[in-house]
file model-v6.cif (mmCIF, C-alpha atoms)
data_final
loop_
_atom_site.label_atom_id
_atom_site.label_comp_id
_atom_site.auth_asym_id
_atom_site.auth_seq_id
_atom_site.Cartn_x
_atom_site.Cartn_y
_atom_site.Cartn_z
CA MET A 1 -8.04 -5.44 16.60
CA GLU A 2 -11.43 -7.04 16.17
CA ASN A 3 -12.89 -7.10 12.70
CA GLN A 4 -15.33 -8.96 10.52
CA THR A 5 -12.66 -11.49 9.55
CA GLN A 6 -12.53 -13.12 13.01
CA ILE A 7 -14.36 -16.01 14.61
CA PHE A 8 -13.98 -16.64 18.32
CA GLY A 9 -15.03 -19.60 20.43
CA ILE A 10 -14.21 -23.28 20.03
CA ARG A 11 -17.63 -24.47 18.86
CA ALA A 12 -18.05 -21.53 16.48
CA ILE A 13 -14.72 -22.28 14.81
CA ILE A 14 -15.53 -25.98 14.46
CA GLU A 15 -18.87 -25.14 12.84
CA ALA A 16 -17.25 -22.61 10.50
CA ILE A 17 -14.69 -25.18 9.32
CA ASN A 18 -17.36 -27.84 8.81
CA ALA A 19 -19.42 -25.31 6.83
CA GLY A 20 -16.54 -24.80 4.41
CA GLU A 21 -15.47 -21.36 5.59
CA THR A 22 -11.98 -20.41 4.38
CA ILE A 23 -9.92 -20.22 7.57
CA ASP A 24 -6.54 -18.54 7.19
CA LYS A 25 -5.13 -19.14 10.67
CA VAL A 26 -6.26 -20.25 14.13
CA PHE A 27 -4.76 -19.06 17.41
CA LEU A 28 -5.13 -21.51 20.31
CA GLN A 29 -4.40 -20.93 23.97
CA LYS A 30 -1.31 -22.73 25.23
CA GLY A 31 -1.98 -25.49 27.74
CA LEU A 32 -5.74 -25.55 27.25
CA LYS A 33 -7.40 -28.95 27.66
CA GLY A 34 -10.86 -30.42 27.21
CA GLU A 35 -12.84 -32.68 24.91
CA LEU A 36 -14.16 -29.91 22.66
CA PHE A 37 -10.72 -28.30 22.44
CA SER A 38 -9.22 -31.67 21.42
CA GLU A 39 -11.92 -32.03 18.76
CA LEU A 40 -10.94 -28.65 17.32
CA GLU A 41 -7.25 -29.62 17.33
CA THR A 42 -8.06 -32.84 15.46
CA ILE A 43 -10.03 -30.97 12.78
CA LEU A 44 -7.28 -28.39 12.37
CA ARG A 45 -4.68 -31.12 11.84
CA LYS A 46 -6.93 -33.02 9.42
CA LYS A 47 -7.62 -29.88 7.36
CA ALA A 48 -3.97 -28.72 7.58
CA ILE A 49 -5.07 -25.29 8.80
CA ASN A 50 -2.31 -22.96 9.96
CA THR A 51 -2.35 -23.02 13.78
CA SER A 52 -0.39 -21.17 16.47
CA TYR A 53 -0.40 -21.86 20.22
CA VAL A 54 -0.19 -18.55 22.06
CA PRO A 55 -0.55 -17.14 25.59
CA VAL A 56 -4.02 -16.08 26.63
CA GLU A 57 -2.85 -12.45 26.58
CA LYS A 58 -2.43 -12.69 22.82
CA LEU A 59 -6.01 -13.92 22.42
CA ASN A 60 -7.26 -11.13 24.68
CA ARG A 61 -5.60 -8.61 22.39
CA LEU A 62 -7.24 -10.18 19.35
CA THR A 63 -10.74 -9.94 20.83
CA ARG A 64 -12.43 -8.75 24.01
CA LYS A 65 -15.20 -11.31 23.60
CA ASN A 66 -15.36 -14.72 25.32
CA HIS A 67 -12.97 -16.53 23.00
CA GLN A 68 -12.74 -19.75 25.11
CA GLY A 69 -9.09 -20.08 24.13
CA ALA A 70 -9.57 -20.03 20.35
CA VAL A 71 -9.64 -17.25 17.74
CA ALA A 72 -9.73 -17.86 13.98
CA GLN A 73 -8.93 -15.50 11.14
CA ILE A 74 -11.21 -15.88 8.13
CA SER A 75 -9.63 -15.25 4.78
CA PRO A 76 -11.39 -12.42 2.91
CA ILE A 77 -10.65 -14.17 -0.39
CA GLU A 78 -11.21 -17.59 -1.92
CA PHE A 79 -7.97 -19.35 -2.78
CA HIS A 80 -7.53 -20.90 -6.22
CA ASP A 81 -6.49 -24.41 -7.17
CA ILE A 82 -2.94 -24.34 -8.56
CA GLU A 83 -3.51 -27.04 -11.17
CA THR A 84 -6.59 -25.33 -12.58
CA LEU A 85 -4.90 -21.92 -12.59
CA VAL A 86 -1.76 -23.15 -14.35
CA LEU A 87 -3.75 -25.13 -16.91
CA ASN A 88 -6.06 -22.21 -17.74
CA THR A 89 -3.14 -19.79 -18.01
CA THR A 90 -1.01 -22.01 -20.23
CA GLU A 91 -3.99 -22.60 -22.51
CA SER A 92 -4.72 -18.87 -22.82
CA GLY A 93 -2.02 -18.38 -25.45
CA LYS A 94 0.13 -15.92 -23.48
CA ALA A 95 3.45 -16.66 -21.79
CA PRO A 96 2.49 -17.36 -18.16
CA LEU A 97 4.05 -15.37 -15.33
CA PHE A 98 3.69 -16.69 -11.79
CA LEU A 99 5.07 -15.55 -8.47
CA LEU A 100 6.04 -17.98 -5.70
CA LEU A 101 6.53 -16.58 -2.18
CA ASP A 102 8.61 -18.76 0.13
CA GLN A 103 7.17 -18.02 3.60
CA LEU A 104 7.13 -14.26 3.33
CA SER A 105 6.11 -13.14 6.83
CA ASP A 106 5.32 -9.41 6.76
CA VAL A 107 1.75 -8.59 5.71
CA ARG A 108 2.75 -5.16 4.39
CA ASN A 109 5.43 -6.66 2.16
CA PHE A 110 2.88 -9.24 1.05
CA GLY A 111 0.33 -6.57 0.19
CA ALA A 112 2.89 -4.44 -1.65
CA ILE A 113 3.98 -7.45 -3.71
CA ILE A 114 0.38 -8.29 -4.63
CA ARG A 115 -0.12 -4.69 -5.77
CA THR A 116 2.99 -4.80 -7.97
CA ALA A 117 1.98 -8.23 -9.28
CA GLU A 118 -1.38 -6.86 -10.43
CA CYS A 119 0.32 -3.91 -12.13
CA THR A 120 2.76 -6.16 -14.00
CA GLY A 121 0.28 -8.78 -15.22
CA VAL A 122 1.21 -11.66 -12.93
CA ASP A 123 -1.16 -14.57 -13.57
CA GLY A 124 -1.11 -15.92 -10.04
CA ILE A 125 0.68 -15.93 -6.71
CA ILE A 126 1.49 -19.15 -4.88
CA ILE A 127 2.06 -19.22 -1.13
CA GLN A 128 2.60 -21.95 1.43
CA LYS A 129 -0.24 -22.99 3.74
CA LYS A 130 1.85 -22.59 6.86
CA GLY A 131 4.52 -20.12 7.91
CA GLY A 132 3.65 -17.19 5.68
CA ALA A 133 1.85 -13.88 6.06
CA PRO A 134 -1.96 -14.13 6.14
CA VAL A 135 -4.39 -12.36 3.86
CA ASN A 136 -5.91 -9.90 6.32
CA GLY A 137 -7.00 -6.28 6.57
CA ASP A 138 -3.45 -4.97 6.43
CA THR A 139 -2.75 -7.07 3.34
CA ILE A 140 -5.85 -5.71 1.62
CA LYS A 141 -5.01 -2.11 2.50
CA THR A 142 -1.37 -2.34 1.41
CA SER A 143 -2.34 -4.06 -1.83
CA ALA A 144 -4.78 -1.23 -2.64
CA GLY A 145 -7.40 -3.89 -3.31
CA ALA A 146 -5.22 -5.86 -5.74
CA VAL A 147 -5.66 -8.93 -3.53
CA PHE A 148 -9.14 -9.28 -5.06
CA LYS A 149 -7.76 -9.17 -8.61
CA VAL A 150 -4.74 -11.51 -8.58
CA PRO A 151 -5.45 -15.24 -8.11
CA ILE A 152 -3.71 -16.64 -5.03
CA CYS A 153 -3.07 -20.35 -4.45
CA LYS A 154 -2.00 -22.21 -1.33
CA VAL A 155 0.18 -25.33 -1.43
CA ASP A 156 1.53 -27.63 1.28
CA HIS A 157 5.09 -26.70 0.35
CA ILE A 158 6.57 -24.27 -2.16
CA LYS A 159 8.70 -27.09 -3.51
CA ASP A 160 5.47 -28.83 -4.61
CA ALA A 161 4.64 -25.74 -6.68
CA VAL A 162 8.15 -25.68 -8.16
CA PHE A 163 7.87 -29.26 -9.38
CA TYR A 164 4.38 -28.66 -10.78
CA MET A 165 5.51 -25.55 -12.65
CA GLN A 166 8.47 -27.41 -14.14
CA ALA A 167 6.26 -30.32 -15.18
CA SER A 168 4.00 -27.78 -16.92
CA GLY A 169 6.86 -26.34 -18.99
CA ILE A 170 7.34 -23.24 -16.84
CA ASN A 171 10.88 -22.07 -16.06
CA VAL A 172 11.38 -21.49 -12.33
CA ILE A 173 13.70 -18.60 -11.48
CA ALA A 174 14.91 -17.88 -7.95
CA ALA A 175 15.65 -14.32 -6.85
CA THR A 176 18.74 -14.83 -4.73
CA GLU A 177 22.13 -13.30 -4.10
CA LYS A 178 23.64 -16.80 -4.09
CA THR A 179 24.50 -16.72 -7.78
CA ASP A 180 26.73 -14.96 -10.29
CA ASN A 181 23.84 -14.45 -12.74
CA MET A 182 22.57 -10.90 -12.93
CA LEU A 183 18.84 -10.32 -13.39
CA TYR A 184 19.42 -8.57 -16.73
CA ASP A 185 21.24 -11.59 -18.20
CA VAL A 186 18.30 -13.95 -17.67
CA SER A 187 15.54 -14.37 -20.26
CA PHE A 188 11.98 -13.92 -19.00
CA LYS A 189 10.28 -14.09 -22.38
CA GLU A 190 9.29 -17.73 -22.01
CA PRO A 191 6.77 -19.03 -19.45
CA CYS A 192 8.29 -18.43 -16.03
CA ALA A 193 7.70 -18.41 -12.29
CA ILE A 194 9.76 -16.19 -10.00
CA ILE A 195 10.47 -17.22 -6.41
CA MET A 196 10.96 -14.59 -3.71
CA GLY A 197 12.23 -15.60 -0.26
CA SER A 198 11.34 -14.51 3.25
CA GLU A 199 12.58 -11.26 4.73
CA GLY A 200 15.28 -12.73 6.94
CA ARG A 201 16.22 -16.12 5.55
CA GLY A 202 15.64 -15.71 1.85
CA ILE A 203 14.75 -18.77 -0.23
CA ASN A 204 15.02 -22.14 1.48
CA PRO A 205 18.27 -23.91 0.41
CA SER A 206 16.33 -27.07 -0.47
CA ILE A 207 14.27 -25.06 -2.96
CA LEU A 208 17.34 -23.38 -4.46
CA LYS A 209 18.65 -26.84 -5.32
CA VAL A 210 15.72 -27.64 -7.61
CA VAL A 211 15.08 -24.35 -9.47
CA ASP A 212 15.97 -23.93 -13.13
CA THR A 213 17.73 -20.56 -12.87
CA LYS A 214 19.01 -18.17 -10.21
CA ALA A 215 19.31 -14.41 -10.63
CA LYS A 216 20.31 -11.45 -8.51
CA LEU A 217 20.08 -7.69 -8.57
CA PRO A 218 23.25 -5.57 -8.65
CA ILE A 219 23.89 -3.95 -5.26
CA LEU A 220 26.11 -0.86 -5.55
CA GLY A 221 25.85 0.50 -2.00
CA ASP A 222 27.00 -0.77 1.38
CA ILE A 223 23.69 -2.37 2.38
CA GLU A 224 23.73 -5.95 1.12
CA SER A 225 20.09 -6.44 0.21
CA LEU A 226 16.84 -4.73 -0.76
CA ASN A 227 13.46 -4.97 0.90
CA VAL A 228 11.78 -8.05 -0.59
CA SER A 229 8.85 -6.10 -2.06
CA VAL A 230 11.24 -3.66 -3.75
CA ALA A 231 13.37 -6.51 -5.12
CA CYS A 232 10.24 -8.26 -6.36
CA GLY A 233 9.18 -5.10 -8.19
CA ALA A 234 12.56 -4.90 -9.92
CA PHE A 235 12.25 -8.51 -11.09
CA LEU A 236 8.68 -8.15 -12.31
CA TYR A 237 9.36 -4.99 -14.25
CA GLU A 238 12.35 -6.62 -15.92
CA VAL A 239 9.89 -9.27 -17.13
CA VAL A 240 7.63 -6.49 -18.44
CA ARG A 241 10.56 -4.75 -20.16
CA GLN A 242 11.73 -7.92 -21.89
CA ARG A 243 8.28 -8.94 -23.03
CA MET A 244 7.50 -5.49 -24.41
CA VAL A 245 10.61 -5.51 -26.60
CA VAL A 246 9.78 -6.53 -30.15
CA ASP A 247 12.49 -8.66 -31.76
#
call {"tool": "encode", "arguments": {"input": "model-v6.cif", "output": "structure tokens"}}
result
Amino acid sequence: MENQTQIFGIRAIIEAINAGETIDKVFLQKGLKGELFSELETILRKKAINTSYVPVEKLNRLTRKNHQGAVAQISPIEFHDIETLVLNTTESGKAPLFLLLDQLSDVRNFGAIIRTAECTGVDGIIIQKKGGAPVNGDTIKTSAGAVFKVPICKVDHIKDAVFYMQASGINVIAATEKTDNMLYDVSFKEPCAIIMGSEGRGINPSILKVVDTKAKLPILGDIESLNVSVACGAFLYEVVRQRMVVD
């Protein structure tokens, strides 16, 4: 559906990028050629903007206007710098709590997680520039507006965020079934960052190799896993429970 978060047309998208507009994703028509189209492709690569090559039918569904083979989604929020966010949070005097999302793809899950993150005092959410769900109208609606309250950062790769968190004295905990550690046996009282994986694949194996701790939820029924937004809520509220307990 068309909305105020779209730009269509090759020249319009180029001008928006050059003007510093926050572009979340660009859809380009497969097989399209031309000097101006090549210029747009070069800018997209240089700026590392998430790009998908799609059939023209997809673009026609996105907008009925003359898109010229290119439609861009504008992010409704400004993304934060991870280094500044981590530094400001660690200097605030509280135990930081961050959430890392490893290529979560469903916008409704994304929005639900942002909503829970706001309710549980998460200091920031870190996502990958490419491969994850965008911040769009569905995200805003599902988050009940929380997307405007929780700082969100984009990084080239989630592993970059893991290493930066660890270098900043923040314990990185992966939510994964590939461990014997139960969620309730892990301490969340110290500065920590929780990683949630994508709906189908979970957390990338290369990331699991570098985290500090792994934890899982007990599954008592026949279904082997929870919806990622539900699992995330369980993890975040365990953090809240532990930090509310007075020793």
call {"tool": "closest_residue", "arguments": {"input": "model-v6.cif", "among": "A:Leu62, A:Ala174, A:Leu101, A:Ala95", "to": "Gln128 in chain A", "atoms": "only C-alpha atoms"}}
result
A:Leu101
call {"tool": "closest_atom_pairs", "arguments": {"input": "model-v6.cif", "of": "range 76-132 of chain A", "to": "range 19-22 of chain A", "cutoff": "12 Å", "atoms": "all atoms listed in the file", "output": "CSV"}}
result
residue,atom,partner,partner_atom,distance
A:Pro76,CA,A:Thr22,CA,8.1
A:Ile77,CA,A:Thr22,CA,8.0
A:Glu78,CA,A:Thr22,CA,6.9
A:Phe79,CA,A:Thr22,CA,8.3
A:His80,CA,A:Thr22,CA,11.5
call {"tool": "resolve_selection", "arguments": {"input": "model-v6.cif", "expression": "the PyMOL selection byres ((chain A and resi 186-195) around 7)", "output": "number ranges by chain"}}
result
A: 95-102, 170-175, 183-185, 196-197, 239, 242-243
call {"tool": "closest_residue", "arguments": {"input": "model-v6.cif", "among": "A:Ile125, A:Phe235, A:Glu35, A:Ser229", "to": "Asp106 in chain A", "atoms": "all atoms listed in the file"}}
result
A:Ser229
call {"tool": "resolve_selection", "arguments": {"input": "model-v6.cif", "expression": "the PyMOL selection byres ((chain A and resi 16) around 12)", "output": "mmCIF file with C-alpha atoms, keeping the file's coordinate frame"}}
result
data_model
loop_
_atom_site.group_PDB
_atom_site.id
_atom_site.type_symbol
_atom_site.label_atom_id
_atom_site.label_comp_id
_atom_site.auth_asym_id
_atom_site.auth_seq_id
_atom_site.Cartn_x
_atom_site.Cartn_y
_atom_site.Cartn_z
ATOM 1 C CA GLN A 6 -12.530 -13.120 13.010
ATOM 2 C CA ILE A 7 -14.360 -16.010 14.610
ATOM 3 C CA PHE A 8 -13.980 -16.640 18.320
ATOM 4 C CA GLY A 9 -15.030 -19.600 20.430
ATOM 5 C CA ILE A 10 -14.210 -23.280 20.030
ATOM 6 C CA ARG A 11 -17.630 -24.470 18.860
ATOM 7 C CA ALA A 12 -18.050 -21.530 16.480
ATOM 8 C CA ILE A 13 -14.720 -22.280 14.810
ATOM 9 C CA ILE A 14 -15.530 -25.980 14.460
ATOM 10 C CA GLU A 15 -18.870 -25.140 12.840
ATOM 11 C CA ILE A 17 -14.690 -25.180 9.320
ATOM 12 C CA ASN A 18 -17.360 -27.840 8.810
ATOM 13 C CA ALA A 19 -19.420 -25.310 6.830
ATOM 14 C CA GLY A 20 -16.540 -24.800 4.410
ATOM 15 C CA GLU A 21 -15.470 -21.360 5.590
ATOM 16 C CA THR A 22 -11.980 -20.410 4.380
ATOM 17 C CA ILE A 23 -9.920 -20.220 7.570
ATOM 18 C CA ASP A 24 -6.540 -18.540 7.190
ATOM 19 C CA VAL A 26 -6.260 -20.250 14.130
ATOM 20 C CA LEU A 40 -10.940 -28.650 17.320
ATOM 21 C CA ILE A 43 -10.030 -30.970 12.780
ATOM 22 C CA LEU A 44 -7.280 -28.390 12.370
ATOM 23 C CA VAL A 71 -9.640 -17.250 17.740
ATOM 24 C CA ALA A 72 -9.730 -17.860 13.980
ATOM 25 C CA GLN A 73 -8.930 -15.500 11.140
ATOM 26 C CA ILE A 74 -11.210 -15.880 8.130
#
call {"tool": "closest_residue", "arguments": {"input": "model-v6.cif", "among": "A:Leu59, A:Thr179, A:Asp81, A:Asn50", "to": "Gly131 in chain A", "atoms": "all atoms listed in the file"}}
result
A:Asn50
call {"tool": "closest_residue", "arguments": {"input": "model-v6.cif", "among": "A:Ser206, A:Asn181, A:Asn88, A:Ser75", "to": "Ile140 in chain A", "atoms": "all atoms listed in the file"}}
result
A:Ser75
call {"tool": "resolve_selection", "arguments": {"input": "model-v6.cif", "expression": "the PyMOL selection byres ((chain A and resi 144) around 12)", "output": "list in words"}}
result
Arg108, Phe110, Gly111, Ala112, Ile113, Ile114, Arg115, Thr116, Ala117, Glu118, Cys119, Gly137, Asp138, Thr139, Ile140, Lys141, Thr142, Ser143, Gly145, Ala146, Val147, Phe148, Lys149 and Val150 of chain A
call {"tool": "closest_atom_pairs", "arguments": {"input": "model-v6.cif", "of": "range 67-92 of chain A", "to": "range 51-57 of chain A", "cutoff": "10 Å", "atoms": "all atoms listed in the file", "output": "tab-separated table"}}
result
residue	atom	partner	partner_atom	distance
A:His67	CA	A:Val56	CA	9.7
A:Gln68	CA	A:Val56	CA	9.6
A:Gly69	CA	A:Val56	CA	6.9
A:Ala70	CA	A:Val56	CA	9.3
A:Ala72	CA	A:Thr51	CA	9.0
call {"tool": "residues_around", "arguments": {"input": "model-v6.cif", "residues": "range 221-224 of chain A", "least_positions_apart": "3", "cutoff": "12 Å", "atoms": "all atoms listed in the file", "output": "list in words"}}
result
Thr176, Glu177, Lys216, Leu217, Pro218 and Asn227 of chain A
call {"tool": "closest_residue", "arguments": {"input": "model-v6.cif", "among": "A:Asn136, A:Gln29, A:Thr5, A:Thr213", "to": "Lys58 in chain A", "atoms": "all atoms listed in the file"}}
result
A:Gln29
call {"tool": "atom_distance", "arguments": {"input": "model-v6.cif", "atom1": "CA of Asn66 in chain A", "atom2": "CA of Lys25 in chain A"}}
result
18.4 Å
call {"tool": "residues_around", "arguments": {"input": "model-v6.cif", "residues": "Ser105 in chain A", "least_positions_apart": "6", "cutoff": "7 Å", "atoms": "all atoms listed in the file", "output": "PyMOL selection string"}}
result
chain A and resi 132-133+198
call {"tool": "write_last_selection", "arguments": {"input": "model-v6.cif", "atoms": "C-alpha atoms", "output": "mmCIF file, in the frame of the given file"}}
result
data_model
loop_
_atom_site.group_PDB
_atom_site.id
_atom_site.type_symbol
_atom_site.label_atom_id
_atom_site.label_comp_id
_atom_site.auth_asym_id
_atom_site.auth_seq_id
_atom_site.Cartn_x
_atom_site.Cartn_y
_atom_site.Cartn_z
ATOM 1 C CA GLY A 132 3.650 -17.190 5.680
ATOM 2 C CA ALA A 133 1.850 -13.880 6.060
ATOM 3 C CA SER A 198 11.340 -14.510 3.250
#
call {"tool": "closest_residue", "arguments": {"input": "model-v6.cif", "among": "A:Leu236, A:Val245, A:Ile49, A:Val230", "to": "Asp123 in chain A", "atoms": "all atoms listed in the file"}}
result
A:Leu236
call {"tool": "decode", "arguments": {"input": "model-v6.cif", "residues": "range 188-228 of chain A", "atoms": "C-alpha atoms", "output": "mmCIF file, in the first residue's frame"}}
result
data_model
loop_
_atom_site.group_PDB
_atom_site.id
_atom_site.type_symbol
_atom_site.label_atom_id
_atom_site.label_comp_id
_atom_site.auth_asym_id
_atom_site.auth_seq_id
_atom_site.Cartn_x
_atom_site.Cartn_y
_atom_site.Cartn_z
ATOM 1 C CA PHE A 188 20.997 -10.793 34.394
ATOM 2 C CA LYS A 189 21.828 -8.375 37.191
ATOM 3 C CA GLU A 190 25.030 -7.155 35.563
ATOM 4 C CA PRO A 191 25.161 -5.152 32.313
ATOM 5 C CA CYS A 192 23.881 -7.437 29.575
ATOM 6 C CA ALA A 193 22.731 -7.688 25.981
ATOM 7 C CA ILE A 194 20.314 -10.409 24.883
ATOM 8 C CA ILE A 195 20.402 -11.794 21.343
ATOM 9 C CA MET A 196 17.239 -13.112 19.706
ATOM 10 C CA GLY A 197 17.439 -15.001 16.407
ATOM 11 C CA SER A 198 15.299 -15.018 13.289
ATOM 12 C CA GLU A 199 11.989 -16.850 13.117
ATOM 13 C CA GLY A 200 13.193 -19.830 11.097
ATOM 14 C CA ARG A 201 16.936 -20.111 11.545
ATOM 15 C CA GLY A 202 17.484 -18.773 15.023
ATOM 16 C CA ILE A 203 20.821 -17.165 15.876
ATOM 17 C CA ASN A 204 23.591 -17.487 13.312
ATOM 18 C CA PRO A 205 26.068 -20.239 14.365
ATOM 19 C CA SER A 206 29.007 -17.863 13.873
ATOM 20 C CA ILE A 207 27.471 -15.509 16.438
ATOM 21 C CA LEU A 208 26.770 -18.309 18.915
ATOM 22 C CA LYS A 209 30.497 -19.071 18.910
ATOM 23 C CA VAL A 210 31.431 -15.644 20.275
ATOM 24 C CA VAL A 211 28.727 -14.917 22.886
ATOM 25 C CA ASP A 212 29.477 -15.016 26.607
ATOM 26 C CA THR A 213 26.490 -17.103 27.706
ATOM 27 C CA LYS A 214 23.682 -19.154 26.177
ATOM 28 C CA ALA A 215 20.278 -19.704 27.766
ATOM 29 C CA LYS A 216 17.032 -21.423 26.861
ATOM 30 C CA LEU A 217 13.454 -21.539 28.012
ATOM 31 C CA PRO A 218 11.957 -24.800 29.305
ATOM 32 C CA ILE A 219 9.575 -26.318 26.748
ATOM 33 C CA LEU A 220 7.073 -28.698 28.359
ATOM 34 C CA GLY A 221 4.757 -29.353 25.406
ATOM 35 C CA ASP A 222 5.206 -31.094 22.069
ATOM 36 C CA ILE A 223 5.929 -27.953 20.047
ATOM 37 C CA GLU A 224 9.680 -27.382 20.151
ATOM 38 C CA SER A 225 9.836 -23.601 20.181
ATOM 39 C CA LEU A 226 7.984 -20.387 21.008
ATOM 40 C CA ASN A 227 7.225 -17.454 18.764
ATOM 41 C CA VAL A 228 10.302 -15.200 18.921
#
